[in-house]
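Undergrad: I am sharing coords.cif, which consists of mmCIF, C-alpha atoms and all ligand atoms:
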```cif
data_start
#
loop_
_atom_site.label_atom_id
_atom_site.label_comp_id
_atom_site.auth_asym_id
_atom_site.auth_seq_id
_atom_site.Cartn_x
_atom_site.Cartn_y
_atom_site.Cartn_z
CA MET X 949 -5.53 9.49 -26.09
CA THR X 950 -3.90 6.13 -26.52
CA ALA X 951 -0.24 6.67 -25.58
CA PRO X 952 0.99 5.23 -22.28
CA VAL X 953 1.59 7.35 -19.20
CA VAL X 954 4.29 7.29 -16.53
CA GLY X 955 3.61 6.15 -12.96
CA ILE X 956 6.17 6.56 -10.16
CA ASP X 957 6.44 4.66 -6.85
CA ILE X 958 8.51 6.40 -4.14
CA GLY X 959 9.12 4.15 -1.14
CA GLY X 960 11.57 4.24 1.75
CA THR X 961 13.70 1.52 0.16
CA LYS X 962 13.03 1.58 -3.59
CA THR X 963 11.86 4.08 -6.18
CA ALA X 964 10.33 2.78 -9.41
CA ALA X 965 8.95 4.36 -12.57
CA ALA X 966 6.97 2.58 -15.27
CA LEU X 967 5.41 3.16 -18.63
CA VAL X 968 1.81 1.97 -18.24
CA ASP X 969 -0.50 1.48 -21.21
CA ARG X 970 -4.20 2.35 -21.37
CA GLY X 971 -5.14 -1.19 -20.37
CA GLY X 972 -3.18 -0.99 -17.13
CA ARG X 973 -0.26 -3.12 -18.35
CA VAL X 974 3.33 -2.23 -17.48
CA ARG X 975 5.32 -1.84 -20.73
CA GLU X 976 8.61 -0.85 -19.16
CA ARG X 977 9.78 -0.52 -15.57
CA ARG X 978 12.90 0.99 -14.01
CA GLU X 979 13.94 0.89 -10.38
CA VAL X 980 16.66 2.31 -8.11
CA ARG X 981 17.40 2.35 -4.40
CA THR X 982 15.77 5.41 -2.83
CA PRO X 983 18.55 7.73 -1.60
CA ALA X 984 16.45 8.36 1.51
CA ARG X 985 19.37 9.34 3.79
CA SER X 986 20.47 12.03 1.32
CA GLY X 987 17.26 14.01 1.84
CA PRO X 988 14.15 14.97 -0.13
CA ASP X 989 15.94 16.72 -3.03
CA ALA X 990 18.02 13.62 -3.73
CA VAL X 991 14.87 11.45 -3.61
CA LEU X 992 13.07 13.79 -6.02
CA ASP X 993 16.11 13.91 -8.34
CA ALA X 994 16.28 10.11 -8.44
CA ALA X 995 12.55 9.81 -9.19
CA ALA X 996 12.78 12.48 -11.90
CA ARG X 997 15.78 10.78 -13.56
CA LEU X 998 13.90 7.47 -13.72
CA ALA X 999 10.74 9.08 -15.09
CA ALA X 1000 12.57 11.29 -17.59
CA GLY X 1001 13.92 8.22 -19.36
CA LEU X 1002 10.35 7.05 -20.04
CA LEU X 1003 8.66 10.35 -20.84
CA GLY X 1004 9.54 10.31 -24.56
CA ALA X 1005 7.06 7.47 -25.12
CA ALA X 1006 4.43 8.87 -22.75
CA THR X 1007 1.74 11.49 -22.84
CA GLY X 1008 -0.04 13.73 -20.34
CA PRO X 1009 0.56 14.17 -16.63
CA VAL X 1010 2.78 11.94 -14.50
CA GLY X 1011 1.32 10.10 -11.50
CA VAL X 1012 3.08 9.39 -8.22
CA GLY X 1013 2.36 7.09 -5.29
CA THR X 1014 4.56 7.90 -2.31
CA ALA X 1015 5.05 6.83 1.28
CA GLY X 1016 3.43 9.31 3.64
CA THR X 1017 0.17 11.20 3.99
CA VAL X 1018 -0.43 13.45 0.98
CA GLU X 1019 -2.49 16.65 0.94
CA PRO X 1020 -4.98 15.74 -1.79
CA ALA X 1021 -5.32 19.25 -3.24
CA THR X 1022 -1.63 20.23 -3.33
CA GLY X 1023 0.46 17.07 -3.49
CA VAL X 1024 2.44 18.19 -0.43
CA ILE X 1025 3.48 15.56 2.12
CA ARG X 1026 1.53 16.24 5.30
CA TYR X 1027 3.28 13.55 7.31
CA ALA X 1028 5.87 10.85 6.67
CA THR X 1029 7.77 8.49 8.93
CA ASP X 1030 11.55 8.26 9.29
CA SER X 1031 11.70 5.83 6.36
CA LEU X 1032 12.01 9.05 4.29
CA PRO X 1033 13.79 11.58 6.54
CA GLY X 1034 12.66 15.17 5.90
CA TRP X 1035 9.86 14.07 3.56
CA THR X 1036 7.18 15.79 5.70
CA GLY X 1037 6.41 19.15 4.08
CA THR X 1038 7.95 18.26 0.71
CA PRO X 1039 5.90 19.68 -2.20
CA VAL X 1040 6.23 16.50 -4.28
CA ALA X 1041 3.80 17.50 -7.04
CA ASP X 1042 5.31 20.93 -7.68
CA ALA X 1043 8.91 19.79 -7.23
CA LEU X 1044 8.56 16.93 -9.73
CA ALA X 1045 6.55 19.06 -12.17
CA ALA X 1046 9.43 21.57 -12.18
CA ARG X 1047 11.93 18.78 -12.87
CA LEU X 1048 9.87 16.99 -15.55
CA GLY X 1049 8.05 19.83 -17.30
CA ARG X 1050 4.76 17.93 -16.98
CA PRO X 1051 1.85 18.21 -14.55
CA VAL X 1052 2.24 15.73 -11.68
CA ARG X 1053 -0.49 14.16 -9.57
CA VAL X 1054 0.44 12.64 -6.24
CA THR X 1055 -1.23 10.27 -3.81
CA ASN X 1056 -0.28 7.95 -0.96
CA ASP X 1057 1.32 4.69 -2.11
CA VAL X 1058 -1.32 2.44 -0.56
CA TYR X 1059 -4.05 4.55 -2.18
CA ALA X 1060 -2.23 4.15 -5.49
CA ALA X 1061 -2.00 0.39 -5.00
CA ALA X 1062 -5.76 0.28 -4.40
CA LEU X 1063 -6.41 2.29 -7.57
CA GLY X 1064 -4.14 -0.04 -9.51
CA GLU X 1065 -5.79 -3.21 -8.20
CA CYS X 1066 -9.27 -1.82 -8.90
CA TRP X 1067 -8.27 -0.87 -12.43
CA ALA X 1068 -6.20 -3.83 -13.58
CA GLY X 1069 -5.83 -6.28 -10.70
CA ALA X 1070 -7.78 -8.30 -8.14
CA GLY X 1071 -10.46 -5.60 -7.69
CA ARG X 1072 -11.15 -4.93 -11.36
CA ASP X 1073 -14.71 -6.26 -11.23
CA ARG X 1074 -15.55 -4.40 -8.01
CA ALA X 1075 -16.64 -0.81 -7.25
CA HIS X 1076 -16.29 -0.86 -3.45
CA VAL X 1077 -13.06 -2.32 -2.14
CA LEU X 1078 -11.09 -2.35 1.09
CA LEU X 1079 -7.38 -2.93 0.45
CA VAL X 1080 -4.84 -3.51 3.19
CA ALA X 1081 -1.10 -3.52 2.52
CA VAL X 1082 0.96 -5.68 4.89
CA GLY X 1083 4.58 -4.68 4.50
CA THR X 1084 6.99 -3.37 7.12
CA GLY X 1085 3.90 -1.58 8.48
CA LEU X 1086 0.18 -1.98 7.84
CA GLY X 1087 -1.72 0.50 5.67
CA GLY X 1088 -5.12 0.57 4.07
CA ALA X 1089 -7.29 2.24 1.46
CA VAL X 1090 -11.05 2.40 1.04
CA VAL X 1091 -12.30 2.56 -2.56
CA ARG X 1092 -15.90 3.70 -3.02
CA ASP X 1093 -17.38 3.79 -6.52
CA GLY X 1094 -13.88 3.50 -7.94
CA ARG X 1095 -12.47 6.44 -5.95
CA VAL X 1096 -10.19 6.35 -2.94
CA GLU X 1097 -11.82 7.84 0.15
CA ALA X 1098 -9.08 10.17 1.40
CA GLY X 1099 -10.86 11.55 4.45
CA ALA X 1100 -10.44 15.03 5.92
CA ARG X 1101 -6.62 15.02 5.92
CA GLY X 1102 -5.66 12.50 3.28
CA ALA X 1103 -5.22 9.81 5.91
CA ALA X 1104 -8.35 7.61 5.77
CA GLY X 1105 -7.83 3.87 5.73
CA GLY X 1106 -5.37 3.69 8.62
CA VAL X 1107 -6.37 0.20 9.68
CA GLY X 1108 -3.02 -0.34 11.38
CA HIS X 1109 -4.10 1.74 14.37
CA LEU X 1110 -7.18 -0.26 15.29
CA PRO X 1111 -6.92 -1.87 18.73
CA ALA X 1112 -6.00 -5.54 18.44
CA PRO X 1113 -6.18 -8.29 21.08
CA GLY X 1114 -2.71 -9.73 21.67
CA ALA X 1115 -0.89 -6.53 20.74
CA GLU X 1116 -0.79 -5.15 24.29
CA ARG X 1117 2.95 -5.74 24.77
CA LEU X 1118 3.90 -4.60 21.26
CA ARG X 1119 4.52 -1.07 20.05
CA CYS X 1120 2.95 0.22 16.82
CA GLY X 1121 4.84 2.34 14.28
CA CYS X 1122 2.85 5.33 15.61
CA GLY X 1123 4.48 4.90 19.02
CA ARG X 1124 1.50 3.50 20.93
CA PRO X 1125 1.12 -0.12 22.08
CA GLY X 1126 -1.83 -2.37 21.30
CA HIS X 1127 -2.50 -1.55 17.64
CA LEU X 1128 -3.09 -4.04 14.83
CA GLU X 1129 0.08 -2.96 12.97
CA ALA X 1130 2.14 -4.03 16.00
CA VAL X 1131 1.03 -7.62 15.29
CA ALA X 1132 0.03 -7.87 11.62
CA SER X 1133 3.05 -6.41 9.79
CA GLY X 1134 6.62 -7.33 8.99
CA SER X 1135 7.89 -5.36 11.98
CA GLY X 1136 5.16 -6.96 14.11
CA LEU X 1137 6.27 -10.46 13.11
CA ALA X 1138 9.86 -9.56 13.97
CA ALA X 1139 8.89 -8.07 17.36
CA ALA X 1140 6.68 -11.00 18.36
CA TYR X 1141 9.36 -13.52 17.34
CA PHE X 1142 11.94 -11.59 19.36
CA LEU X 1143 9.68 -11.68 22.45
CA GLU X 1144 9.37 -15.46 22.16
CA THR X 1145 12.94 -16.38 21.23
CA GLY X 1146 15.24 -13.43 21.98
CA THR X 1147 16.37 -13.70 18.35
CA GLN X 1148 16.39 -10.53 16.21
CA VAL X 1149 15.43 -11.31 12.59
CA THR X 1150 13.34 -9.56 9.93
CA GLY X 1151 9.63 -10.21 9.42
CA ARG X 1152 10.47 -11.90 6.12
CA THR X 1153 12.78 -14.32 7.92
CA VAL X 1154 10.01 -15.11 10.42
CA ALA X 1155 7.68 -15.86 7.50
CA ASP X 1156 10.33 -18.00 5.80
CA ARG X 1157 10.98 -19.94 9.01
CA ALA X 1158 7.25 -20.50 9.47
CA ALA X 1159 7.01 -21.86 5.93
CA ALA X 1160 9.97 -24.14 6.66
CA GLY X 1161 8.21 -25.63 9.69
CA ASP X 1162 9.63 -23.59 12.63
CA GLY X 1163 6.92 -23.97 15.28
CA VAL X 1164 7.49 -20.65 17.07
CA ALA X 1165 7.58 -18.72 13.78
CA GLY X 1166 4.45 -20.56 12.67
CA ARG X 1167 2.56 -19.52 15.79
CA VAL X 1168 3.69 -15.89 15.41
CA VAL X 1169 2.54 -15.82 11.77
CA ASP X 1170 -0.77 -17.52 12.64
CA ARG X 1171 -1.48 -15.04 15.44
CA ALA X 1172 -0.73 -12.13 13.10
CA GLY X 1173 -2.96 -13.55 10.38
CA ALA X 1174 -5.79 -14.26 12.82
CA ALA X 1175 -5.66 -10.70 14.21
CA LEU X 1176 -5.74 -9.29 10.68
CA GLY X 1177 -8.60 -11.53 9.53
CA ALA X 1178 -10.76 -10.73 12.56
CA ALA X 1179 -10.20 -6.98 12.15
CA LEU X 1180 -11.04 -7.16 8.43
CA ALA X 1181 -14.29 -8.99 9.19
CA GLY X 1182 -15.33 -6.14 11.47
CA LEU X 1183 -14.33 -3.56 8.89
CA VAL X 1184 -16.51 -5.29 6.30
CA ALA X 1185 -19.51 -4.62 8.53
CA LEU X 1186 -18.46 -0.96 8.82
CA LEU X 1187 -17.68 -0.31 5.15
CA ASP X 1188 -19.83 -2.84 3.25
CA PRO X 1189 -17.32 -3.43 0.42
CA ASP X 1190 -17.66 -5.83 -2.55
CA ALA X 1191 -14.26 -7.36 -1.80
CA VAL X 1192 -11.30 -7.15 0.58
CA LEU X 1193 -7.80 -7.31 -0.92
CA VAL X 1194 -4.59 -8.10 0.96
CA ALA X 1195 -1.43 -6.69 -0.64
CA GLY X 1196 2.18 -6.27 0.45
CA GLY X 1197 5.23 -8.44 1.03
CA ALA X 1198 3.80 -10.23 4.07
CA ALA X 1199 0.37 -10.89 2.51
CA GLY X 1200 1.16 -14.42 1.36
CA ALA X 1201 2.40 -15.49 4.79
CA LEU X 1202 -0.58 -14.05 6.68
CA LEU X 1203 -3.38 -15.00 4.28
CA PRO X 1204 -4.06 -18.61 5.37
CA ALA X 1205 -4.66 -17.70 9.03
CA ALA X 1206 -6.29 -14.40 8.05
CA SER X 1207 -8.77 -16.17 5.73
CA ALA X 1208 -9.78 -18.63 8.44
CA ALA X 1209 -10.33 -15.90 11.05
CA TYR X 1210 -12.11 -13.72 8.52
CA ALA X 1211 -14.53 -16.49 7.58
CA ALA X 1212 -15.18 -17.29 11.24
CA GLU X 1213 -15.78 -13.67 12.27
CA LEU X 1214 -17.66 -12.31 9.26
CA PRO X 1215 -21.24 -11.35 10.19
CA ALA X 1216 -23.78 -13.42 8.27
CA GLY X 1217 -25.04 -10.51 6.18
CA TRP X 1218 -21.61 -10.19 4.53
CA ALA X 1219 -20.79 -13.88 4.16
CA ASP X 1220 -20.32 -13.48 0.39
CA VAL X 1221 -17.69 -10.70 0.58
CA PRO X 1222 -14.46 -12.37 -0.60
CA LEU X 1223 -11.01 -11.89 0.95
CA ARG X 1224 -8.51 -12.08 -1.90
CA PRO X 1225 -4.80 -11.68 -2.42
CA ALA X 1226 -3.90 -8.62 -4.48
CA ALA X 1227 -2.77 -9.44 -8.01
CA LEU X 1228 -0.31 -6.79 -9.20
CA GLY X 1229 2.52 -7.36 -6.72
CA THR X 1230 5.20 -4.69 -6.81
CA ASP X 1231 3.60 -3.09 -9.90
CA ALA X 1232 0.41 -2.05 -8.07
CA VAL X 1233 1.66 1.40 -7.06
CA VAL X 1234 3.07 2.41 -10.47
CA VAL X 1235 -0.09 1.14 -12.20
CA GLY X 1236 -2.35 3.04 -9.80
CA ALA X 1237 -0.20 6.16 -10.07
CA ALA X 1238 -0.55 5.97 -13.85
CA ARG X 1239 -4.30 5.62 -13.47
CA LEU X 1240 -4.35 8.71 -11.27
CA ALA X 1241 -2.42 10.59 -13.95
CA MET X 1242 -4.83 9.51 -16.69
CA ASP X 1243 -7.90 10.62 -14.86
CA SER X 1244 -7.99 12.63 -11.68
CA HIS X 1245 -11.51 11.33 -11.27
CA ASP X 1246 -10.03 7.90 -10.75
CA ILE X 1247 -11.83 4.98 -12.31
CA GLU X 1248 -14.91 5.30 -14.44
CA ARG X 1249 -17.45 2.55 -14.69
CA THR X 1250 -16.96 2.27 -18.45
CA ASP X 1251 -13.56 0.71 -17.75
CA ARG X 1252 -15.05 -2.36 -16.20
ZN ZN X 1301 -0.65 2.79 15.76
#
```
Can I see the file as structure tokens?
TA:
Amino acid sequence: MTAPVVGIDIGGTKTAAALVDRGGRVRERREVRTPARSGPDAVLDAAARLAAGLLGAATGPVGVGTAGTVEPATGVIRYATDSLPGWTGTPVADALAARLGRPVRVTNDVYAAALGECWAGAGRDRAHVLLVAVGTGLGGAVVRDGRVEAGARGAAGGVGHLPAPGAERLRCGCGRPGHLEAVASGSGLAAAYFLETGTQVTGRTVADRAAAGDGVAGRVVDRAGAALGAALAGLVALLDPDAVLVAGGAAGALLPAASAAYAAELPAGWADVPLRPAALGTDAVVVGAARLAMDSHDIERTDR
């Protein structure tokens, strides 16, 4: 089979679909705002409309990476946050298959990003990878021998809920205080900046202000990066990966401080495990979703 396949990325803000060729390159990409407030059927309709426009040039199943925890066997959403109201319980695989007339394979969006990076991005030369995605929240995925380790409930890789020094006064997306996501994420940057200044801005604005020389914003970003880097160094000892990849919209801001803390904290036996920025940007999820569609057994060694 040489024809491209379609990968879909369903997020709380944007939904994208892309035609991805057999080398992992995006040939065509379409994107709309996710109609999250209109409910799951509207979200599925929007994703199906985007994908349908690309299906004529594509072959085989369609792959999906979506926000939320996905039941690996059924493609049903086990749990999703309020970024997609009502998404919990949605049978995404069956509902999209009915709309598209093709088989549909579904995984978590961070898992898809990890598959994409290991196929065609910053992890392409590596079999064992830890990827963390620093966006509004903080997610992770563990790739072993080219496959994502999903765990018992499709939720492995939740690095955001590790305890983190300095997060004691900050609340995580899960509702508890003290977790890494409460510091090392876009919402964490915004919360820490608010505590220091009383000013309510987005995490992106905090990162922009830090880059422009704002001292308070710079300290907030450095603390977040340092917490992330130290946690990743410990996780390297637990997981023994070939590489650690940092993806997501806040990755660039956090990487300098994260790299320094990571290098300082990494146990000597793992001193050669690199910490790298992810390479595929906003295409990582559609590329990984396409990879999932091509081969439910994920990535074979012959591809490297
Ligand atoms: Zn948490």
Undergrad: Hey, which residues sit close to ligand ZN 1301 (chain X)? Say within 6 Å, counting only C-alpha atoms and all ligand atoms, and write them as a list of chain:residue names.
TA: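 Using only C-alpha atoms and all ligand atoms, everything at most 6 Å from ligand ZN 1301 (chain X) comes to X:Gly1108, X:His1109, X:Cys1120, X:Gly1121, X:Cys1122, X:Arg1124, X:His1127.
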Undergrad: Give me the residues near Arg1095 (chain X) as a PyMOL selection string, where near means some atom within 12 Å (using all atoms listed in the file) and where sequence neighbours in that chain fewer than 2 positions away do not count.
TA: chain X and resi 1059-1060+1062-1067+1074-1078+1089-1093+1097-1099+1236+1239-1240+1243-1249
Undergrad: Could you pull the residues within 10 Å of Leu967 (chain X), counting all atoms listed in the file, minus those fewer than 3 positions along the same chain, as a VMD selection string?
TA: chain X and resid 951 to 956 972 to 978 999 1001 to 1003 1005 to 1006 1234 to 1235 1238
Undergrad: Using only C-alpha atoms, pick whichever of X:Gly1023, X:Pro1039, X:Gly971, X:Gly1069 has the shortest atom-to-atom distance to Asp989 (chain X).
TA: X:Pro1039
Undergrad: Could you list, as a list in words, every residue within 12 Å of Leu1186 (chain X), counting only C-alpha atoms and ignoring same-chain residues fewer than 6 positions away?
TA: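 Residues meeting the cut-off are Leu1078, Val1090, Ala1179, Leu1180, Leu1214, Pro1215, Gly1217 and Trp1218 of chain X.
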Undergrad: Please report the interatomic distance between CA of Ala1103 (chain X) and CA of Val1131 (chain X) in Å with one decimal.
TA: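 Between CA of Ala1103 (chain X) and CA of Val1131 (chain X) the gap works out to 20.8 Å.
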Undergrad: Which residues come within 9 Å of region 1137-1149 of chain X, counting all atoms listed in the file, excluding same-chain residues fewer than 4 positions away, as a PyMOL selection string?
TA: chain X and resi 1118-1119+1130-1133+1153-1155+1164-1165+1168-1169+1172
Undergrad: Grab the residues selected above and save them as a CSV table (one decimal), in the coordinates of the input with C-alpha atoms.
TA:
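Generated output (again_25.csv):
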```csv
chain,number,residue,atom,x,y,z
X,1118,LEU,CA,3.9,-4.6,21.3
X,1119,ARG,CA,4.5,-1.1,20.0
X,1130,ALA,CA,2.1,-4.0,16.0
X,1131,VAL,CA,1.0,-7.6,15.3
X,1132,ALA,CA,0.0,-7.9,11.6
X,1133,SER,CA,3.0,-6.4,9.8
X,1153,THR,CA,12.8,-14.3,7.9
X,1154,VAL,CA,10.0,-15.1,10.4
X,1155,ALA,CA,7.7,-15.9,7.5
X,1164,VAL,CA,7.5,-20.6,17.1
X,1165,ALA,CA,7.6,-18.7,13.8
X,1168,VAL,CA,3.7,-15.9,15.4
X,1169,VAL,CA,2.5,-15.8,11.8
X,1172,ALA,CA,-0.7,-12.1,13.1
```
Undergrad: Might you pull out every residue within 10 Å of Pro1113 (chain X), with only C-alpha atoms counted and same-chain residues fewer than 3 positions away left off, and present them as a list of chain:residue names?
TA: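 So the residues in contact are X:Leu1110, X:Glu1116, X:Gly1126, X:His1127, X:Leu1128, X:Val1131, X:Arg1171, X:Ala1175, X:Ala1178, X:Ala1179.
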Undergrad: For Gly1200 (chain X), which residue out of X:Val1082, X:Ala1185, X:Val1096, X:Leu1223 is the nearest one, using all atoms listed in the file?
TA: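 Checking each candidate against Gly1200 (chain X), we get X:Val1082 as the closest.
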Undergrad: Return the single residue from X:Ala1201, X:Gly1182, X:Pro1222, X:Arg1117 that is closest to Ala1158 (chain X), with distances computed using only C-alpha atoms.
TA: X:Ala1201
Undergrad: Rounded to one decimal in Å, what is the spacing between CA of Ala1021 (chain X) and CA of Ala1046 (chain X)?
TA: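 So the two atoms, CA of Ala1021 (chain X) and CA of Ala1046 (chain X), lie 17.4 Å apart.
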Undergrad: Tell me which residues come within 6 Å of (-5.6, 14.7, 2.2), as a count of residues only, counting only C-alpha atoms in the file's coordinates.
TA: 6
Undergrad: Using only C-alpha atoms, which residue out of X:Val1194, X:Ala1159, X:Leu998, X:Ala1209 lies closest to Gly1173 (chain X)?
TA: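 Distance minimum relative to Gly1173 (chain X) lands on X:Ala1209.
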Undergrad: Please, what distance in Å, to one decimal, runs between CA of Thr1055 (chain X) and CA of Gly1134 (chain X)?
TA: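 A separation of 23.1 Å between them.
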Undergrad: Taking (13.9, 3.5, -9.6) as a centre in this file's frame and 8 Å as the limit, can you find every polymer residue with an atom that close, using only C-alpha atoms, and give them as a PyMOL selection string?
TA: chain X and resi 962-965+978-982+994-995+998
Undergrad: Nearest residue to Thr1150 (chain X) out of X:Gly960, X:Pro1189, X:Gly1163, X:Gly1083, using all atoms listed in the file?
TA: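 The closest residue to Thr1150 (chain X) is X:Gly1083.
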Undergrad: Please determine, counting all atoms listed in the file, which residue among X:Ala1041, X:Leu1048, X:Ala1181, X:Ala984 has the shortest atom-to-atom distance to Ser1207 (chain X).
TA: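 Ranking X:Ala1041, X:Leu1048, X:Ala1181, X:Ala984 by distance to Ser1207 (chain X), first place goes to X:Ala1181.
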Undergrad: Need the axis-aligned box for region 1051-1066 of chain X with 6 Å each side, so what are the centre and edges in Å to one decimal, as lines of an AutoDock Vina configuration file?
TA:
```
center_x = -3.5
center_y = 7.5
center_z = -7.6
size_x = 23.5
size_y = 33.4
size_z = 26.0
```
Undergrad: Once N, CA and C atoms are restored for region 1144-1165 of chain X, what would the output be as a PDB file, keeping the file's coordinate frame?
TA:
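Generated output (rebuild_6.pdb):
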```pdb
ATOM      1  N   GLU X1144       9.457 -14.026  21.870  1.00  0.00           N
ATOM      2  CA  GLU X1144       9.370 -15.460  22.160  1.00  0.00           C
ATOM      3  C   GLU X1144      10.734 -16.139  22.201  1.00  0.00           C
ATOM      4  N   THR X1145      11.676 -15.642  21.405  1.00  0.00           N
ATOM      5  CA  THR X1145      12.940 -16.380  21.230  1.00  0.00           C
ATOM      6  C   THR X1145      14.174 -15.590  21.624  1.00  0.00           C
ATOM      7  N   GLY X1146      14.059 -14.260  21.746  1.00  0.00           N
ATOM      8  CA  GLY X1146      15.240 -13.430  21.980  1.00  0.00           C
ATOM      9  C   GLY X1146      16.102 -13.277  20.738  1.00  0.00           C
ATOM     10  N   THR X1147      15.603 -13.755  19.595  1.00  0.00           N
ATOM     11  CA  THR X1147      16.370 -13.700  18.350  1.00  0.00           C
ATOM     12  C   THR X1147      15.853 -12.563  17.468  1.00  0.00           C
ATOM     13  N   GLN X1148      16.782 -11.693  17.015  1.00  0.00           N
ATOM     14  CA  GLN X1148      16.390 -10.530  16.210  1.00  0.00           C
ATOM     15  C   GLN X1148      16.529 -10.880  14.720  1.00  0.00           C
ATOM     16  N   VAL X1149      15.406 -11.056  14.046  1.00  0.00           N
ATOM     17  CA  VAL X1149      15.430 -11.310  12.590  1.00  0.00           C
ATOM     18  C   VAL X1149      14.346 -10.437  11.954  1.00  0.00           C
ATOM     19  N   THR X1150      14.350 -10.366  10.621  1.00  0.00           N
ATOM     20  CA  THR X1150      13.340  -9.560   9.930  1.00  0.00           C
ATOM     21  C   THR X1150      12.008 -10.325   9.872  1.00  0.00           C
ATOM     22  N   GLY X1151      10.940  -9.582   9.583  1.00  0.00           N
ATOM     23  CA  GLY X1151       9.630 -10.210   9.420  1.00  0.00           C
ATOM     24  C   GLY X1151       9.650 -11.239   8.297  1.00  0.00           C
ATOM     25  N   ARG X1152      10.392 -10.946   7.236  1.00  0.00           N
ATOM     26  CA  ARG X1152      10.470 -11.900   6.120  1.00  0.00           C
ATOM     27  C   ARG X1152      11.098 -13.215   6.564  1.00  0.00           C
ATOM     28  N   THR X1153      12.134 -13.109   7.408  1.00  0.00           N
ATOM     29  CA  THR X1153      12.780 -14.320   7.920  1.00  0.00           C
ATOM     30  C   THR X1153      11.806 -15.118   8.790  1.00  0.00           C
ATOM     31  N   VAL X1154      11.009 -14.412   9.602  1.00  0.00           N
ATOM     32  CA  VAL X1154      10.010 -15.110  10.420  1.00  0.00           C
ATOM     33  C   VAL X1154       9.049 -15.876   9.502  1.00  0.00           C
ATOM     34  N   ALA X1155       8.593 -15.202   8.434  1.00  0.00           N
ATOM     35  CA  ALA X1155       7.680 -15.860   7.500  1.00  0.00           C
ATOM     36  C   ALA X1155       8.345 -17.057   6.828  1.00  0.00           C
ATOM     37  N   ASP X1156       9.604 -16.893   6.442  1.00  0.00           N
ATOM     38  CA  ASP X1156      10.330 -18.000   5.800  1.00  0.00           C
ATOM     39  C   ASP X1156      10.484 -19.174   6.766  1.00  0.00           C
ATOM     40  N   ARG X1157      10.810 -18.867   8.024  1.00  0.00           N
ATOM     41  CA  ARG X1157      10.980 -19.940   9.010  1.00  0.00           C
ATOM     42  C   ARG X1157       9.646 -20.654   9.265  1.00  0.00           C
ATOM     43  N   ALA X1158       8.567 -19.884   9.288  1.00  0.00           N
ATOM     44  CA  ALA X1158       7.250 -20.500   9.470  1.00  0.00           C
ATOM     45  C   ALA X1158       6.952 -21.459   8.315  1.00  0.00           C
ATOM     46  N   ALA X1159       7.262 -21.011   7.102  1.00  0.00           N
ATOM     47  CA  ALA X1159       7.010 -21.860   5.930  1.00  0.00           C
ATOM     48  C   ALA X1159       7.879 -23.111   5.959  1.00  0.00           C
ATOM     49  N   ALA X1160       9.051 -22.998   6.596  1.00  0.00           N
ATOM     50  CA  ALA X1160       9.970 -24.140   6.660  1.00  0.00           C
ATOM     51  C   ALA X1160       9.663 -25.072   7.833  1.00  0.00           C
ATOM     52  N   GLY X1161       8.621 -24.708   8.641  1.00  0.00           N
ATOM     53  CA  GLY X1161       8.210 -25.630   9.690  1.00  0.00           C
ATOM     54  C   GLY X1161       8.626 -25.238  11.102  1.00  0.00           C
ATOM     55  N   ASP X1162       9.267 -24.078  11.284  1.00  0.00           N
ATOM     56  CA  ASP X1162       9.630 -23.590  12.630  1.00  0.00           C
ATOM     57  C   ASP X1162       8.346 -23.319  13.417  1.00  0.00           C
ATOM     58  N   GLY X1163       8.170 -24.046  14.535  1.00  0.00           N
ATOM     59  CA  GLY X1163       6.920 -23.970  15.280  1.00  0.00           C
ATOM     60  C   GLY X1163       6.652 -22.597  15.883  1.00  0.00           C
ATOM     61  N   VAL X1164       7.678 -21.971  16.465  1.00  0.00           N
ATOM     62  CA  VAL X1164       7.490 -20.650  17.070  1.00  0.00           C
ATOM     63  C   VAL X1164       7.123 -19.637  15.979  1.00  0.00           C
ATOM     64  N   ALA X1165       7.871 -19.650  14.886  1.00  0.00           N
ATOM     65  CA  ALA X1165       7.580 -18.720  13.780  1.00  0.00           C
ATOM     66  C   ALA X1165       6.168 -18.968  13.244  1.00  0.00           C
TER      67      ALA X1165
END
```
